[in-house]
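Working notes, structure below.
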Amino acid sequence: YAMASAGAFILLAGILNGARIWARASGFVNKCVDHSRRLEAPRGIRVYEVPHPEPVLFVGGIWRPKILVSTGALTLLDADELQAAIRHETAHIRRRDNLKKLALHFCRLPWLESLERNWLKAAELAADELAAGDEETALDLASALIKMARASSRTTLPEVGMALVSPNGACVSARVD
């Protein structure tokens, strides 16, 4: 009986945590889209310019993901770097990484924190590989990563979503290599 109760408690906590995180991410994306303009993008991908001075590239949303690009990122990156960065974020959309990240938050247990860190690193490397189809694009993506990491935005982003560079700049050097 005690084990069943503990399991039910963990399941309920996961559901509540997942719902809270999903609601926060949805609210953030909707607020950004309300104050943005749509940019041209690959077919089936929604990209929005968000008026924000700090450089941020972020994929938000679970069911209908959108790429949010701040005016700071548009100013910082040249056209080729921006295109490579959008290809990277598009890879996250195609791989449904936000849904996977939500599932990890649903199952979040204190002793499994390294699982999320390792998954995030693998997801970023996989998106980099998909985005960098040739050497020139790989160099543009590496340049975008370096510029965005150096700019180190202090913008608070939702837990469920994929930023081009994580707030702590984790694994950027491995990705550039």
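Convention: chains lettered A, B, ... in structure tokens order; per-chain residue numbering from 1; ligands numbered from 1 as shown.
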**Message:** Considering only strand (DSSP E or B) as DSSP defines it on the backbone, what residues of stretch 5-96 of chain A qualify? List them as a list of chain:residue names.
**Reply:** A:Arg37, A:Arg38, A:Leu39, A:Arg46, A:Val47, A:Tyr48, A:Glu49, A:Val50, A:Leu57, A:Phe58, A:Val59, A:Gly60, A:Lys66, A:Ile67, A:Leu68, A:Val69, A:Ser70
For the residues in the current selection, export C-alpha atoms as a PDB file, in the first residue's frame.
```pdb
ATOM      1  CA  ARG A  37       6.255  40.236 -36.810  1.00  0.00           C
ATOM      2  CA  ARG A  38       6.484  37.126 -38.930  1.00  0.00           C
ATOM      3  CA  LEU A  39       9.654  36.544 -40.942  1.00  0.00           C
ATOM      4  CA  ARG A  46       6.889  29.779 -38.206  1.00  0.00           C
ATOM      5  CA  VAL A  47       9.612  32.333 -37.449  1.00  0.00           C
ATOM      6  CA  TYR A  48       8.890  35.570 -35.596  1.00  0.00           C
ATOM      7  CA  GLU A  49      10.990  38.634 -34.887  1.00  0.00           C
ATOM      8  CA  VAL A  50      10.479  39.622 -31.271  1.00  0.00           C
ATOM      9  CA  LEU A  57      17.019  32.453 -30.762  1.00  0.00           C
ATOM     10  CA  PHE A  58      14.478  30.119 -29.212  1.00  0.00           C
ATOM     11  CA  VAL A  59      12.101  27.364 -30.294  1.00  0.00           C
ATOM     12  CA  GLY A  60       8.970  27.487 -28.200  1.00  0.00           C
ATOM     13  CA  LYS A  66       7.665  28.584 -33.425  1.00  0.00           C
ATOM     14  CA  ILE A  67      11.136  30.048 -33.755  1.00  0.00           C
ATOM     15  CA  LEU A  68      11.504  33.336 -31.910  1.00  0.00           C
ATOM     16  CA  VAL A  69      14.351  35.586 -33.048  1.00  0.00           C
ATOM     17  CA  SER A  70      15.030  38.760 -31.089  1.00  0.00           C
TER      18      SER A  70
END
```
Per-residue nearest contacts stretch 4-106 of chain A to stretch 127-144 of chain A, cut-off 9 Å, using only C-alpha atoms, as CSV:
```
residue,atom,partner,partner_atom,distance
A:Leu76,CA,A:Ala144,CA,8.7
A:Leu77,CA,A:Ala144,CA,6.4
A:Asp78,CA,A:Ala144,CA,8.5
A:Asp80,CA,A:Asp140,CA,6.2
A:Glu81,CA,A:Asp140,CA,4.7
A:Leu82,CA,A:Ala144,CA,7.2
A:Gln83,CA,A:Asp140,CA,8.4
A:Ala84,CA,A:Leu141,CA,5.1
A:Ala85,CA,A:Leu141,CA,5.9
A:Ile86,CA,A:Ala131,CA,8.4
A:Arg87,CA,A:Ala131,CA,5.0
A:His88,CA,A:Ala131,CA,4.7
A:Glu89,CA,A:Ala127,CA,7.3
A:Thr90,CA,A:Ala131,CA,8.0
A:Ala91,CA,A:Ala127,CA,5.2
A:His92,CA,A:Ala127,CA,6.0
A:Arg95,CA,A:Ala127,CA,8.3
```
**Residue contacts of A:Ser26 (12 Å, only C-alpha atoms) excluding same-chain residues fewer than 5 positions away, as a PyMOL selection string** = chain A and resi 19-21+31-33+59-66+98+157-161
Please produce a file of those selected residues containing C-alpha atoms, as a compact mmCIF listing (two decimals), in the first residue's frame.
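The resulting out37.txt:
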```txt
# COMPACT_ATOMS: atom_id res chain seq x y z
CA ALA A 19 1.37 21.06 -16.73
CA ARG A 20 2.93 24.02 -14.89
CA ILE A 21 5.98 24.09 -17.15
CA LYS A 31 3.13 36.86 -25.43
CA CYS A 32 6.16 36.99 -27.74
CA VAL A 33 4.10 36.25 -30.86
CA VAL A 59 12.10 27.36 -30.29
CA GLY A 60 8.97 27.49 -28.20
CA GLY A 61 5.81 25.45 -28.33
CA ILE A 62 5.01 21.77 -28.26
CA TRP A 63 2.26 21.13 -30.82
CA ARG A 64 2.86 24.10 -33.16
CA PRO A 65 6.43 25.16 -32.42
CA LYS A 66 7.67 28.58 -33.42
CA ASN A 98 10.43 20.32 -27.08
CA LEU A 157 13.49 31.56 -21.05
CA PRO A 158 10.94 28.84 -20.27
CA GLU A 159 12.23 25.44 -19.24
CA VAL A 160 10.51 23.74 -22.17
CA GLY A 161 12.07 25.11 -25.31
```
**Message:** Using Å and a single decimal, report how far atom CA of A:Ala23 sits from atom CA of A:Ala163.
**Reply:**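 Between these atoms lies a distance of 18.1 Å.
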**Message:** Which residues are close to A:Ala149, i.e. within 12 Å by only C-alpha atoms, leaving aside same-chain residues fewer than 6 positions away? Reply as a list of chain:residue names.
**Reply:** A:Glu54, A:Pro55, A:Val56, A:Leu57, A:Ala73, A:Leu76, A:Leu77, A:Ala142, A:Ser143, A:Ala163, A:Leu164, A:Val165, A:Ser166, A:Pro167, A:Asn168, A:Gly169, A:Ala170, A:Cys171, A:Val172, A:Ser173, A:Arg175, A:Val176
**Request:** Work out how far atom CA of A:Arg24 is from atom CA of A:Glu116, in Å to one decimal.
**Result:**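 Those two atoms sit 19.2 Å apart.
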**Item:** Atomic distance atom CA of A:Pro53 - atom CA of A:Gly72, expressed in Å with one decimal
**Value:** 4.4 Å
**Best match for closeness to A:Pro42 among A:Ala13, A:Ala2, A:Arg150, A:Arg94, counting only C-alpha atoms** =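 Of all the options, A:Arg94 lies closest to A:Pro42.
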**Request:** Once DSSP has gone over the backbone, tell me which residues of stretch 56-113 of chain A are in alpha helix (DSSP H), as a VMD selection string.
**Result:** chain A and resid 71 to 76 79 to 94 97 to 106 113
